[in-house]
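model_25.csv follows (CSV, C-alpha atoms):
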```csv
chain,number,residue,atom,x,y,z
A,1,MET,CA,15.4,20.2,-28.8
A,2,GLY,CA,17.5,18.7,-31.5
A,3,LEU,CA,17.9,19.1,-35.3
A,4,LEU,CA,20.3,16.2,-35.9
A,5,GLY,CA,19.2,12.7,-36.5
A,6,ASP,CA,19.9,9.5,-34.6
A,7,GLU,CA,23.6,9.0,-33.6
A,8,LEU,CA,23.7,5.8,-35.7
A,9,ALA,CA,22.1,6.6,-39.0
A,10,PHE,CA,20.3,3.9,-41.0
A,11,GLY,CA,23.0,3.4,-43.6
A,12,ARG,CA,25.8,3.1,-41.0
A,13,ALA,CA,23.7,0.6,-38.9
A,14,LEU,CA,23.6,-1.9,-41.8
A,15,THR,CA,26.0,-4.7,-42.2
A,16,ALA,CA,28.1,-4.7,-45.4
A,17,PRO,CA,26.0,-7.3,-47.1
A,18,GLU,CA,22.8,-5.5,-46.1
A,19,TYR,CA,24.1,-2.2,-47.4
A,20,GLU,CA,25.1,-3.7,-50.7
A,21,SER,CA,21.6,-5.3,-51.0
A,22,VAL,CA,19.8,-2.1,-50.2
A,23,MET,CA,21.9,0.0,-52.6
A,24,ALA,CA,21.2,-2.6,-55.4
A,25,LEU,CA,17.4,-1.8,-55.1
A,26,GLY,CA,17.7,1.7,-56.5
A,27,HIS,CA,19.9,4.2,-58.3
A,28,ARG,CA,22.1,7.1,-57.3
A,29,LYS,CA,21.0,10.6,-58.0
A,30,GLU,CA,22.7,14.0,-57.6
A,31,TYR,CA,20.9,17.2,-56.6
A,32,PRO,CA,22.1,20.8,-56.8
A,33,ALA,CA,21.9,23.1,-53.8
A,34,ASP,CA,18.3,24.1,-52.8
A,35,ALA,CA,16.7,21.3,-54.9
A,36,PRO,CA,13.9,19.3,-53.3
A,37,LEU,CA,14.5,15.6,-52.8
A,38,LEU,CA,11.0,15.1,-51.4
A,39,THR,CA,8.1,17.5,-51.3
A,40,GLU,CA,5.4,17.9,-48.6
A,41,GLY,CA,2.0,16.7,-49.9
A,42,ASP,CA,3.3,14.6,-52.7
A,43,ARG,CA,1.9,11.1,-53.0
A,44,THR,CA,5.1,9.5,-54.2
A,45,GLY,CA,6.3,6.4,-52.3
A,46,HIS,CA,10.0,6.1,-52.8
A,47,VAL,CA,12.7,6.5,-50.1
A,48,VAL,CA,16.1,8.1,-50.3
A,49,ILE,CA,19.3,7.3,-48.4
A,50,MET,CA,21.7,10.1,-48.1
A,51,LEU,CA,25.2,9.4,-49.6
A,52,ARG,CA,26.8,12.8,-49.7
A,53,GLY,CA,25.9,16.3,-48.5
A,54,TRP,CA,23.2,17.6,-46.1
A,55,VAL,CA,19.5,18.4,-46.4
A,56,THR,CA,16.9,20.3,-44.3
A,57,VAL,CA,13.6,18.7,-43.4
A,58,SER,CA,10.8,21.2,-43.1
A,59,CYS,CA,7.0,21.5,-43.0
A,60,ALA,CA,4.5,24.3,-43.6
A,61,THR,CA,3.1,26.2,-40.7
A,62,ASP,CA,-0.2,28.2,-40.2
A,63,ARG,CA,1.7,31.4,-41.0
A,64,GLY,CA,1.5,31.0,-44.7
A,65,ALA,CA,4.9,31.1,-46.4
A,66,THR,CA,6.7,30.4,-43.1
A,67,ARG,CA,8.2,27.0,-42.8
A,68,LEU,CA,9.5,25.1,-39.7
A,69,ILE,CA,12.8,23.4,-40.0
A,70,LEU,CA,12.4,20.0,-38.3
A,71,GLY,CA,15.9,18.7,-38.8
A,72,LEU,CA,19.2,18.4,-40.6
A,73,ARG,CA,20.0,15.0,-42.2
A,74,GLY,CA,23.3,13.9,-43.6
A,75,PRO,CA,25.2,10.8,-44.9
A,76,GLY,CA,23.5,7.5,-44.1
A,77,GLU,CA,20.1,8.9,-43.1
A,78,LEU,CA,17.0,7.3,-44.5
A,79,LEU,CA,14.3,9.7,-45.6
A,80,GLY,CA,10.7,9.3,-46.9
A,81,GLU,CA,10.1,6.0,-45.1
A,82,MET,CA,6.7,7.1,-43.6
A,83,ALA,CA,5.1,7.6,-47.0
A,84,ALA,CA,6.7,4.4,-48.3
A,85,LEU,CA,5.1,2.4,-45.5
A,86,ASP,CA,1.6,4.0,-45.1
A,87,ASN,CA,0.9,5.3,-48.6
A,88,HIS,CA,-0.1,8.7,-47.2
A,89,PRO,CA,1.1,12.1,-48.6
A,90,ARG,CA,4.6,13.3,-47.7
A,91,SER,CA,4.6,15.0,-44.3
A,92,ALA,CA,7.6,17.2,-45.0
A,93,THR,CA,9.8,18.7,-47.6
A,94,VAL,CA,13.5,17.6,-47.9
A,95,ARG,CA,15.7,20.2,-49.6
A,96,ALA,CA,19.5,20.1,-50.4
A,97,LEU,CA,21.7,22.5,-48.4
A,98,GLY,CA,24.4,22.1,-51.0
A,99,PRO,CA,25.4,19.6,-53.8
A,100,THR,CA,23.9,16.4,-52.6
A,101,GLU,CA,23.9,12.7,-53.7
A,102,ALA,CA,21.4,10.1,-52.6
A,103,ALA,CA,20.2,6.6,-53.4
A,104,VAL,CA,16.6,6.6,-54.6
A,105,ILE,CA,14.7,3.3,-53.9
A,106,GLY,CA,11.1,2.6,-55.0
A,107,GLY,CA,8.6,2.1,-52.3
A,108,ASP,CA,7.5,-1.4,-53.4
A,109,ALA,CA,11.1,-2.7,-53.6
A,110,PHE,CA,11.9,-1.2,-50.2
A,111,ARG,CA,8.8,-2.8,-48.6
A,112,ARG,CA,9.6,-6.2,-50.1
A,113,PHE,CA,13.2,-5.9,-48.8
A,114,LEU,CA,12.0,-5.1,-45.3
A,115,ALA,CA,9.6,-8.1,-45.3
A,116,THR,CA,12.5,-10.5,-45.9
A,117,HIS,CA,15.0,-8.7,-43.7
A,118,PRO,CA,13.6,-8.4,-40.2
A,119,ARG,CA,16.8,-6.9,-38.7
A,120,VAL,CA,16.7,-4.0,-41.2
A,121,SER,CA,13.0,-3.6,-40.6
A,122,GLY,CA,13.8,-3.2,-36.9
A,123,LEU,CA,16.3,-0.4,-37.8
A,124,VAL,CA,13.5,1.4,-39.6
A,125,ILE,CA,11.2,1.0,-36.6
A,126,ARG,CA,13.9,2.3,-34.3
A,127,GLN,CA,14.4,5.4,-36.5
A,128,LEU,CA,10.7,6.1,-36.7
A,129,THR,CA,10.5,5.8,-32.9
A,130,PHE,CA,13.4,8.1,-32.4
A,131,ARG,CA,12.0,10.7,-34.8
A,132,LEU,CA,8.5,10.6,-33.2
A,133,ARG,CA,10.1,11.1,-29.7
A,134,SER,CA,12.1,14.0,-31.1
A,135,ALA,CA,9.0,15.5,-32.7
A,136,ASP,CA,7.2,15.3,-29.3
A,137,GLN,CA,10.1,17.1,-27.6
A,138,GLU,CA,10.0,19.8,-30.3
A,139,ARG,CA,6.3,20.3,-29.8
A,140,SER,CA,6.8,20.5,-26.0
A,141,ALA,CA,9.5,23.1,-26.4
A,142,LEU,CA,7.3,25.2,-28.7
A,143,ALA,CA,4.5,25.1,-26.2
A,144,SER,CA,6.6,25.7,-23.0
A,145,LEU,CA,9.8,27.6,-23.8
A,146,THR,CA,10.3,31.2,-24.7
A,147,VAL,CA,11.8,32.3,-28.0
A,148,LEU,CA,15.0,33.2,-26.1
A,149,GLN,CA,15.2,29.8,-24.6
A,150,ARG,CA,14.5,28.0,-27.8
A,151,LEU,CA,17.1,30.2,-29.7
A,152,ALA,CA,19.7,29.7,-27.0
A,153,SER,CA,19.1,25.9,-27.1
A,154,ARG,CA,19.4,25.8,-30.9
A,155,LEU,CA,22.5,28.0,-31.0
A,156,THR,CA,24.1,25.7,-28.3
A,157,GLU,CA,23.3,22.6,-30.4
A,158,LEU,CA,24.6,24.1,-33.6
A,159,SER,CA,27.7,25.6,-32.1
A,160,ARG,CA,28.6,22.2,-30.6
A,161,VAL,CA,28.2,20.7,-34.1
A,162,GLU,CA,30.3,23.5,-35.7
A,163,ALA,CA,33.0,23.0,-33.1
A,164,SER,CA,33.3,19.4,-34.1
A,165,GLY,CA,33.4,20.2,-37.9
A,166,PRO,CA,30.4,21.2,-40.0
A,167,TYR,CA,27.6,18.7,-39.5
A,168,THR,CA,29.8,16.0,-38.3
A,169,PRO,CA,28.3,12.5,-38.4
A,170,ASN,CA,29.9,11.8,-35.0
A,171,ALA,CA,28.7,12.9,-31.6
A,172,PRO,CA,29.2,16.6,-31.4
A,173,GLY,CA,31.9,17.9,-29.0
A,174,PRO,CA,31.7,20.8,-26.5
A,175,ALA,CA,31.2,24.3,-27.9
A,176,HIS,CA,33.8,26.9,-27.3
A,177,ALA,CA,34.0,30.7,-27.4
A,178,GLY,CA,34.5,31.9,-31.0
A,179,THR,CA,32.5,29.1,-32.6
A,180,VAL,CA,30.4,30.6,-35.5
A,181,VAL,CA,27.0,29.3,-36.6
A,182,HIS,CA,26.4,30.1,-40.3
A,183,LEU,CA,22.7,30.8,-40.5
A,184,ALA,CA,20.7,33.9,-41.3
A,185,GLN,CA,18.0,35.2,-38.9
A,186,ASP,CA,15.1,34.0,-41.0
A,187,GLU,CA,16.8,30.5,-41.1
A,188,LEU,CA,17.3,30.6,-37.3
A,189,ALA,CA,13.6,31.6,-36.9
A,190,ALA,CA,12.6,28.5,-39.0
A,191,THR,CA,14.6,26.2,-36.7
A,192,VAL,CA,12.8,27.4,-33.5
A,193,GLY,CA,9.3,28.0,-34.8
A,194,ALA,CA,9.3,31.8,-34.3
A,195,THR,CA,9.0,34.9,-36.4
A,196,ARG,CA,12.1,36.6,-37.7
A,197,GLU,CA,11.2,39.7,-35.7
A,198,ALA,CA,11.0,37.6,-32.5
A,199,VAL,CA,14.4,36.0,-33.2
A,200,ALA,CA,15.9,39.4,-34.0
A,201,LYS,CA,14.7,40.7,-30.6
A,202,ALA,CA,16.2,37.7,-28.8
A,203,LEU,CA,19.5,38.2,-30.6
A,204,ARG,CA,19.6,41.9,-29.6
A,205,LEU,CA,19.3,40.8,-26.0
A,206,LEU,CA,22.1,38.2,-26.4
A,207,ARG,CA,24.3,40.8,-28.0
A,208,THR,CA,23.6,43.3,-25.2
A,209,GLN,CA,24.7,40.7,-22.7
A,210,LYS,CA,27.8,39.9,-24.8
A,211,VAL,CA,26.7,36.3,-25.3
A,212,VAL,CA,26.9,36.4,-29.1
A,213,ARG,CA,28.1,38.6,-31.9
A,214,THR,CA,26.1,38.7,-35.1
A,215,GLY,CA,26.9,39.5,-38.7
A,216,THR,CA,25.7,38.6,-42.2
A,217,ARG,CA,24.5,35.0,-42.1
A,218,MET,CA,26.5,34.3,-38.9
A,219,VAL,CA,26.2,34.2,-35.1
A,220,GLU,CA,29.5,34.0,-33.2
A,221,ILE,CA,29.2,32.4,-29.8
A,222,LEU,CA,31.1,34.5,-27.2
A,223,ASP,CA,29.9,32.9,-24.0
A,224,PRO,CA,28.8,29.3,-24.6
A,225,ALA,CA,28.4,28.6,-20.8
A,226,LEU,CA,25.9,31.5,-20.3
A,227,LEU,CA,24.2,30.5,-23.6
A,228,ALA,CA,23.6,27.0,-22.2
A,229,LEU,CA,22.3,28.4,-19.0
A,230,LEU,CA,19.8,30.6,-20.9
A,231,ALA,CA,18.7,27.6,-22.8
A,232,GLU,CA,17.8,26.0,-19.5
A,233,GLY,CA,15.8,29.0,-18.5
A,234,HIS,CA,18.2,30.6,-16.0
A,235,ARG,CA,18.9,34.4,-15.9
A,236,GLU,CA,21.9,36.3,-14.6
```
Whole structure given in structure tokens:
Amino acid sequence: MGLLGDELAFGRALTAPEYESVMALGHRKEYPADAPLLTEGDRTGHVVIMLRGWVTVSCATDRGATRLILGLRGPGELLGEMAALDNHPRSATVRALGPTEAAVIGGDAFRRFLATHPRVSGLVIRQLTFRLRSADQERSALASLTVLQRLASRLTELSRVEASGPYTPNAPGPAHAGTVVHLAQDELAATVGATREAVAKALRLLRTQKVVRTGTRMVEILDPALLALLAEGHRE
């Protein structure tokens, strides 16, 4: 399971001339916190490249208003490429976590650029492949892992990121005791495809075993080693 994108985001994989050429195709746009950059079901075809800030990628579930958070995307990440390439409705909603800036590029211009720049086209294909594999892993986890396992795995991942600095673009380092994940229970539920009630129950168990401590919009990791074992399905 993983919320973060490819280690080498699209924008950082471009050469300097390629980056300048891509940026010249569109315009920069700023978004306030919680604003949608892309909306599920829309038939727009533009792409966005993240320049500053972080966004969530989510999709609707069969539980009505409940949404499943598919990923966190930050600087350098390319978003919206599927709709730009196949002219189908958007498959997910992208929403700003805080003040965000992105380059907005029209679908026609982006497709023409890819047609004349095969190396960049290859980067887009690599990203699509990575995200499809990641989606397959997420579906497998939803089908085969318990809520406790999924929650332990997600907290382990997010605590490693927090230990390296909030949403670092570099490879996350090891988590350590005292690391705090700043998410509410309903947000955690959205990242593991479970109800808030099921996540609350799992957190109670983790608190009882002194694996975590919880507060308002926070989960403090007290025993990262045991949390990692629980993510793998082990029990004391």
Residues near segment 67-76 of chain A, cut-off 7 Å, only C-alpha atoms, skip fewer than 3 positions along chain, as a PDB file with C-alpha atoms, in the frame of the given file:
```pdb
ATOM      1  CA  LEU A   3      17.900  19.100 -35.300  1.00  0.00           C
ATOM      2  CA  LEU A   4      20.300  16.200 -35.900  1.00  0.00           C
ATOM      3  CA  GLY A   5      19.200  12.700 -36.500  1.00  0.00           C
ATOM      4  CA  ALA A   9      22.100   6.600 -39.000  1.00  0.00           C
ATOM      5  CA  PHE A  10      20.300   3.900 -41.000  1.00  0.00           C
ATOM      6  CA  GLY A  11      23.000   3.400 -43.600  1.00  0.00           C
ATOM      7  CA  ARG A  12      25.800   3.100 -41.000  1.00  0.00           C
ATOM      8  CA  ILE A  49      19.300   7.300 -48.400  1.00  0.00           C
ATOM      9  CA  MET A  50      21.700  10.100 -48.100  1.00  0.00           C
ATOM     10  CA  LEU A  51      25.200   9.400 -49.600  1.00  0.00           C
ATOM     11  CA  ARG A  52      26.800  12.800 -49.700  1.00  0.00           C
ATOM     12  CA  GLY A  53      25.900  16.300 -48.500  1.00  0.00           C
ATOM     13  CA  TRP A  54      23.200  17.600 -46.100  1.00  0.00           C
ATOM     14  CA  VAL A  55      19.500  18.400 -46.400  1.00  0.00           C
ATOM     15  CA  THR A  56      16.900  20.300 -44.300  1.00  0.00           C
ATOM     16  CA  VAL A  57      13.600  18.700 -43.400  1.00  0.00           C
ATOM     17  CA  SER A  58      10.800  21.200 -43.100  1.00  0.00           C
ATOM     18  CA  CYS A  59       7.000  21.500 -43.000  1.00  0.00           C
ATOM     19  CA  ALA A  60       4.500  24.300 -43.600  1.00  0.00           C
ATOM     20  CA  THR A  61       3.100  26.200 -40.700  1.00  0.00           C
ATOM     21  CA  ALA A 190      12.600  28.500 -39.000  1.00  0.00           C
ATOM     22  CA  THR A 191      14.600  26.200 -36.700  1.00  0.00           C
ATOM     23  CA  GLY A 193       9.300  28.000 -34.800  1.00  0.00           C
TER      24      GLY A 193
END
```
Using only C-alpha atoms, which of the listed residues (A:Thr208, A:Gly215, A:Arg90, A:Leu227) sits closest to Leu158 of chain A?
A:Leu227
Distance of atom CA of Glu101 of chain A from atom CA of Pro32 of chain A, expressed in Å to one decimal place:
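Spanning atom CA of Pro32 of chain A to atom CA of Glu101 of chain A is a straight-line distance of 8.9 Å.
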So that I can see what lies close to segment 103-120 of chain A, please list as number ranges by chain the residues with an atom at most 12 Å from it, counting only C-alpha atoms and leaving out residues fewer than 4 positions away in the same chain.
A: 10-15, 17-31, 37-38, 43-52, 75-87, 124-127
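Taking atom CA of Gln149 of chain A and atom CA of Ala228 of chain A as the two end points, the separation is 9.2 Å.
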Residue among A:Val94, A:Leu229, A:Met218, A:Val199 lying closest to Ser153 of chain A, counting only C-alpha atoms
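So, comparing all the options, the nearest one is A:Leu229.
Of the listed residues (A:Thr195, A:Asp34, A:Glu220, A:Val211), A:Asp34 comes nearest to Thr100 of chain A; the distances count all atoms listed in the file.
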In Å, rounded to a single decimal, give me how far atom CA of Arg154 of chain A is from atom CA of Ile221 of chain A.
11.9 Å
